[in-house]
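In what follows, a structure is listed as structure tokens, so that the remarks can point back to it.
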Amino acid sequence: MLKNLQGILGGKVEHALVRLWSDELSEPEAAAIHNRLRGDPAYREEFRGSVAVLARMEELAEDGETLKILGGHRRLLQERRTKRRVALSLAFAVVLAIGAALTIFAPSRGSDESNLQRYSTRIGEQQTIGLDDGSILILNTAGQLVVDYSEQDRRILLERGEAYFDVAEDPERSFTVDLGVRAVTAIGTAFNIRKLPEGWQLAVIEGEVALHSQTEELSPSPLPVPADGEAVVVSVLTQHRVDQGWVVEFDAIRNELRAFRPESMDRYQQWRSGMLSFYREPLYRVVQELNRYSDKKILIEDTSAMELKVYTAVSVHDIDSALRGLELALPIKVTRHFDRIVISGATGD
Amino acid sequence: MSRPIASRHNNIVTLASRNGPGRRQLVEKLFDEHARALRLFLLGWSVPQDQIDDLVQELFTRLMSVAGLEEKMSDRTGSNRSYLLTMANNMLVDRERKSQVRRAYMTEQRETDLERMDERTPERIVAAQLELEAMRSVIRSMRLNWRVAFVLQRFGNMSYEDIAIHMGVTVRQVERYMVQAMRRIREERRKIETAGEASC
């Protein structure tokens, strides 16, 4: 408060204006503003000029940029309020139920004992994991994660692969996914994380998450707004709040975080339906994806075939059919060996 | 700081009563909570002391005709003070523009009606557009935190507390962002004024 008063007494008009807009304006602050306005004509002139320009700026309320910020933030705030109310009542019910269970079945159990559970999937397999708190995790092909729930917090270590997290709110326990040097903490949300050979990719499907280092206290800032379809490189050292519709990729080699807003989030979550669709994707990308679900390595032998554009939808549970479909649609030949599958250009035939 | 109802302007109470006890209670509450800030705000507009009470009354009178006032004031994401001060601000800009028109009318002694004088000349329109464009680019060039806080407070009518919750920062930090944003706007306004004076 003393700083506010100092700002009003010795600073420019913005200090007074910002306090005047506050619902917490104190008596001494009001008196200080009064005195400055009455006793300092130049100050009064500045004040008047500033508020007049603000009135004229009302027209900017309809600006696209303004609406974008307003729309997103207001909606999210409302959603969070609703979720918080729901979560608080749910949390109470859950605590009561668990409390009763502990009393009956395990009265001597330590209060801070954590419960470590490891889950893994084979190639081509998906596993849905329902956790005690109501959160749901879906682990994609060749994945591995550890669930570490305690009374204080909920931690997940994604060791490899890809997983979708639909997090149940619990105001008492944060939900954090450990990604090595960084961590993702859910703020009432659903998101997808994929570990890559040299980094990871985070896609926020619903709500928002905080991206931070392990030991930091949470105070994330929103990501900068990029031009449509463009990516922004953001600092790896600071905390970021990643909102719904954003994708953040970490490149460990460059030590770089790239954030962007894709036109659609489908490609980050379609795997859960067991179908993958590709629209104008180069063949090498499609093969890269299929390889994740195939127990035989798929290789492209001809560089000329790599860039062929693919429009298709395939089932991750039937890679063989997917390859047959590609063979019909593209000028390629698929040869199956006992240990690998090779794609070559069909022109040589 | 609750003031006896008799000390409030009677018109406010009368108008409020006409809209039912709920509206009356709301207006009383708004008056108690925000009249002081409004008076200070009017003082900042160089409104003479003896006219301040009249203007506060005018503002509350206008408020009575605002459709859906209860909904607006109970919107938990909104700041009532911010809403009232913005309303006062617009009212004063309007008032000032009209008084300039009247002054021009008196000086020129021309046979023209106030409405015609009130029309915006091409020069004024261009100047206003240039100012708006400059302000638009100032907002765009602000640091993201300043811009988000400013937009949410000024155009979203959100309280600092809600902005703080939303941005994941403290209320104090939101106020700092607002100070920085307002400083940029003041500096830009100064530039425009200086350029305008130089071109005269």
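By order in the structure tokens, chains are A, B, ...; within a chain, residues start at 1; ligands start at 1, following the order shown.
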- Mind checking which residues fall within 9 Å of range 133-142 of chain B, counting only C-alpha atoms, ignoring those fewer than 2 positions away in the same chain, and posting them as a PyMOL selection string? (chain A and resi 53+57+60+63+65) or (chain B and resi 128-131+144-147+150-151+180-181+184-185+188-189+192)
Now that the selection is made, can you save its residues with C-alpha atoms as a CSV table (one decimal), in the first residue's frame?
chain,number,residue,atom,x,y,z
A,53,VAL,CA,-8.1,9.0,-24.8
A,57,MET,CA,-10.3,4.0,-27.4
A,60,LEU,CA,-11.1,-0.7,-30.1
A,63,ASP,CA,-11.0,-5.0,-32.8
A,65,GLU,CA,-7.2,-8.7,-31.5
B,128,ALA,CA,-9.5,10.7,-34.6
B,129,GLN,CA,-8.8,7.8,-37.0
B,130,LEU,CA,-5.1,8.6,-36.8
B,131,GLU,CA,-5.2,8.6,-33.0
B,144,LEU,CA,1.9,-9.6,-23.8
B,145,ASN,CA,1.3,-9.3,-20.1
B,146,TRP,CA,0.6,-5.6,-20.2
B,147,ARG,CA,-1.7,-6.0,-23.2
B,150,PHE,CA,-5.1,-3.8,-20.2
B,151,VAL,CA,-7.6,-5.4,-22.6
B,180,GLN,CA,3.0,0.1,-17.7
B,181,ALA,CA,0.3,-0.1,-20.3
B,184,ARG,CA,2.7,3.6,-23.0
B,185,ILE,CA,-0.6,5.2,-23.9
B,188,GLU,CA,1.9,8.0,-27.3
B,189,ARG,CA,-0.7,10.6,-26.6
B,192,ILE,CA,0.5,12.8,-31.1
Select from chain A every residue with an atom at most 7 Å from any atom of chain B, then for each give the shortest pair of atoms and their distance in Å to one decimal, using only C-alpha atoms, rows by chain and rising number, as a Markdown table.
| residue | atom | partner | partner_atom | distance |
| --- | --- | --- | --- | --- |
| A:Glu14 | CA | B:Val179 | CA | 5.5 |
| A:His15 | CA | B:Val179 | CA | 6.1 |
| A:Val18 | CA | B:Val179 | CA | 6.4 |
| A:Leu20 | CA | B:Ala37 | CA | 6.2 |
| A:Trp21 | CA | B:Ser82 | CA | 5.5 |
| A:Ser22 | CA | B:Tyr160 | CA | 7.0 |
| A:Asp23 | CA | B:Arg81 | CA | 6.5 |
| A:His34 | CA | B:Leu40 | CA | 6.1 |
| A:Leu37 | CA | B:Gly44 | CA | 5.7 |
| A:Arg44 | CA | B:Gly44 | CA | 5.5 |
| A:Phe47 | CA | B:Gly44 | CA | 6.0 |
| A:Arg48 | CA | B:Trp45 | CA | 5.1 |
| A:Ser50 | CA | B:Arg186 | CA | 6.1 |
| A:Val51 | CA | B:Asn89 | CA | 6.7 |
| A:Ala52 | CA | B:Val93 | CA | 6.3 |
| A:Ala55 | CA | B:Asn90 | CA | 5.6 |
| A:Met57 | CA | B:Leu132 | CA | 6.5 |
| A:Ala61 | CA | B:Phe155 | CA | 5.6 |
| A:Thr66 | CA | B:Val151 | CA | 6.4 |
| A:Ile69 | CA | B:Val148 | CA | 6.7 |
| A:Leu70 | CA | B:Leu152 | CA | 6.2 |
| A:Leu77 | CA | B:His166 | CA | 6.3 |
| A:Ser219 | CA | B:Gly168 | CA | 5.2 |
| A:Pro220 | CA | B:Gly168 | CA | 5.9 |
| A:Ser221 | CA | B:Met167 | CA | 6.2 |
| A:Pro224 | CA | B:Leu144 | CA | 6.3 |
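We find CA of Ile187 in chain A and CA of Val209 in chain A to be spaced 5.2 Å apart.
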- Message: At a cut-off of 7 Å, using only C-alpha atoms, what residues contact Ser135 in chain A? Leave out same-chain residues fewer than 6 positions from it and give the result as number ranges by chain.
- Response: A: 166-168
Produce a file of the selected residues containing N, CA and C atoms, as a PDB file, in the first residue's frame.
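So again_4.pdb came out as:
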ATOM      1  N   ASP A 166      -6.895 -37.042 -19.205  1.00  0.00           N
ATOM      2  CA  ASP A 166      -8.134 -36.331 -18.892  1.00  0.00           C
ATOM      3  C   ASP A 166      -8.177 -36.215 -17.379  1.00  0.00           C
ATOM      4  N   VAL A 167      -7.887 -35.027 -16.891  1.00  0.00           N
ATOM      5  CA  VAL A 167      -7.578 -34.882 -15.471  1.00  0.00           C
ATOM      6  C   VAL A 167      -8.801 -34.488 -14.666  1.00  0.00           C
ATOM      7  N   ALA A 168      -9.068 -35.225 -13.609  1.00  0.00           N
ATOM      8  CA  ALA A 168     -10.140 -34.852 -12.677  1.00  0.00           C
ATOM      9  C   ALA A 168      -9.584 -33.771 -11.759  1.00  0.00           C
TER      10      ALA A 168
END
I'd like the contact shell of Ser174 in chain A - 8 Å cut-off, only C-alpha atoms, skipping same-chain residues fewer than 6 positions apart - returned as an mmCIF file with all heavy atoms, in the first residue's frame.
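part_18.cif was written with the following content:
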data_model
loop_
_atom_site.group_PDB
_atom_site.id
_atom_site.type_symbol
_atom_site.label_atom_id
_atom_site.label_comp_id
_atom_site.auth_asym_id
_atom_site.auth_seq_id
_atom_site.Cartn_x
_atom_site.Cartn_y
_atom_site.Cartn_z
ATOM 1 N N ASP A 153 0.177 -34.874 -3.642
ATOM 2 C CA ASP A 153 0.100 -34.511 -5.061
ATOM 3 C C ASP A 153 -0.056 -35.746 -5.951
ATOM 4 O O ASP A 153 0.009 -36.886 -5.465
ATOM 5 C CB ASP A 153 1.312 -33.673 -5.500
ATOM 6 C CG ASP A 153 2.634 -34.351 -5.193
ATOM 7 O OD1 ASP A 153 2.636 -35.583 -4.928
ATOM 8 O OD2 ASP A 153 3.657 -33.677 -5.205
ATOM 9 N N ARG A 154 -0.274 -35.476 -7.234
ATOM 10 C CA ARG A 154 -0.445 -36.558 -8.204
ATOM 11 C C ARG A 154 0.610 -36.350 -9.279
ATOM 12 O O ARG A 154 0.626 -35.307 -9.931
ATOM 13 C CB ARG A 154 -1.846 -36.489 -8.820
ATOM 14 C CG ARG A 154 -2.959 -36.597 -7.801
ATOM 15 C CD ARG A 154 -4.323 -36.339 -8.409
ATOM 16 N NE ARG A 154 -4.498 -34.947 -8.777
ATOM 17 C CZ ARG A 154 -5.541 -34.467 -9.462
ATOM 18 N NH1 ARG A 154 -6.500 -35.272 -9.859
ATOM 19 N NH2 ARG A 154 -5.627 -33.182 -9.751
ATOM 20 N N THR A 185 1.826 -29.131 -15.521
ATOM 21 C CA THR A 185 0.835 -29.244 -14.464
ATOM 22 C C THR A 185 -0.527 -28.854 -14.998
ATOM 23 O O THR A 185 -0.686 -27.794 -15.594
ATOM 24 C CB THR A 185 1.229 -28.360 -13.259
ATOM 25 O OG1 THR A 185 2.399 -28.926 -12.677
ATOM 26 C CG2 THR A 185 0.132 -28.334 -12.216
ATOM 27 N N ALA A 186 -1.482 -29.726 -14.778
ATOM 28 C CA ALA A 186 -2.828 -29.486 -15.305
ATOM 29 C C ALA A 186 -3.553 -28.453 -14.471
ATOM 30 O O ALA A 186 -3.411 -28.413 -13.250
ATOM 31 C CB ALA A 186 -3.601 -30.789 -15.282
#
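For Val342 in chain A, the set of protein, DNA and RNA residues having any atom at most 9 Å away, when counting only C-alpha atoms and skipping those fewer than 3 positions along the same chain, is Lys297, Ile298, Leu299, Ile300, Glu301, Lys333, Val334, Thr335, Arg336 and His337 of chain A.
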Go ahead and dump the residues you just picked, C-alpha atoms, as a CSV table (one decimal), in the first residue's frame.
chain,number,residue,atom,x,y,z
A,297,LYS,CA,9.9,-51.9,-39.4
A,298,ILE,CA,8.6,-50.2,-42.5
A,299,LEU,CA,11.3,-48.7,-44.7
A,300,ILE,CA,11.1,-46.5,-47.8
A,301,GLU,CA,13.8,-47.5,-50.2
A,333,LYS,CA,5.3,-51.3,-54.3
A,334,VAL,CA,5.3,-52.9,-50.9
A,335,THR,CA,7.5,-55.9,-50.3
A,336,ARG,CA,7.1,-57.9,-47.1
A,337,HIS,CA,10.1,-59.6,-45.6
- Message: Between CA of Val147 in chain A and CA of Val242 in chain A, what is the distance in Å, rounded to a tenth?
- Response: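 Calculated distance between CA of Val147 in chain A and CA of Val242 in chain A is 22.8 Å.
Relative to CA of Ser277 in chain A, CA of Ile138 in chain A is found at 19.3 Å.
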- Message: Give me the residues near Thr303 in chain A as a PyMOL selection string, where near means some atom within 10 Å (using only C-alpha atoms) and where sequence neighbours in that chain fewer than 2 positions away do not count.
- Response: chain A and resi 284+300-301+305-308+344-345
With C-alpha atoms retained, export the selected residues as a PDB file, in the first residue's frame.
ATOM      1  CA  TYR A 284       7.649 -40.539 -45.209  1.00  0.00           C
ATOM      2  CA  ILE A 300      11.104 -46.481 -47.814  1.00  0.00           C
ATOM      3  CA  GLU A 301      13.798 -47.521 -50.218  1.00  0.00           C
ATOM      4  CA  ALA A 305       8.617 -42.061 -53.141  1.00  0.00           C
ATOM      5  CA  MET A 306       9.242 -40.240 -49.879  1.00  0.00           C
ATOM      6  CA  GLU A 307       7.567 -37.025 -50.880  1.00  0.00           C
ATOM      7  CA  LEU A 308       4.480 -38.565 -52.505  1.00  0.00           C
ATOM      8  CA  SER A 344       9.876 -48.868 -53.310  1.00  0.00           C
ATOM      9  CA  GLY A 345       8.792 -46.893 -56.387  1.00  0.00           C
TER      10      GLY A 345
END
Per-residue nearest contacts range 105-186 of chain A to range 315-319 of chain A, cut-off 10 Å, using only C-alpha atoms, as CSV:
residue,atom,partner,partner_atom,distance
A:Gly124,CA,A:His317,CA,6.5
A:Glu125,CA,A:His317,CA,8.1
A:Gln126,CA,A:His317,CA,9.8
A:Thr141,CA,A:Val316,CA,9.4
Export, as a PDB file, in the first residue's frame, the selected residues with N, CA and C atoms.
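Now in selection.pdb:
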ATOM      1  N   GLY A 124       1.505 -51.325 -31.039  1.00  0.00           N
ATOM      2  CA  GLY A 124       0.164 -51.464 -31.596  1.00  0.00           C
ATOM      3  C   GLY A 124      -0.935 -51.534 -30.543  1.00  0.00           C
ATOM      4  N   GLU A 125      -0.542 -51.562 -29.281  1.00  0.00           N
ATOM      5  CA  GLU A 125      -1.550 -51.685 -28.216  1.00  0.00           C
ATOM      6  C   GLU A 125      -1.889 -50.311 -27.620  1.00  0.00           C
ATOM      7  N   GLN A 126      -3.125 -50.171 -27.181  1.00  0.00           N
ATOM      8  CA  GLN A 126      -3.512 -48.981 -26.424  1.00  0.00           C
ATOM      9  C   GLN A 126      -4.142 -49.432 -25.121  1.00  0.00           C
ATOM     10  N   THR A 141       0.531 -46.763 -28.205  1.00  0.00           N
ATOM     11  CA  THR A 141       1.453 -47.846 -28.580  1.00  0.00           C
ATOM     12  C   THR A 141       2.862 -47.681 -27.988  1.00  0.00           C
TER      13      THR A 141
END
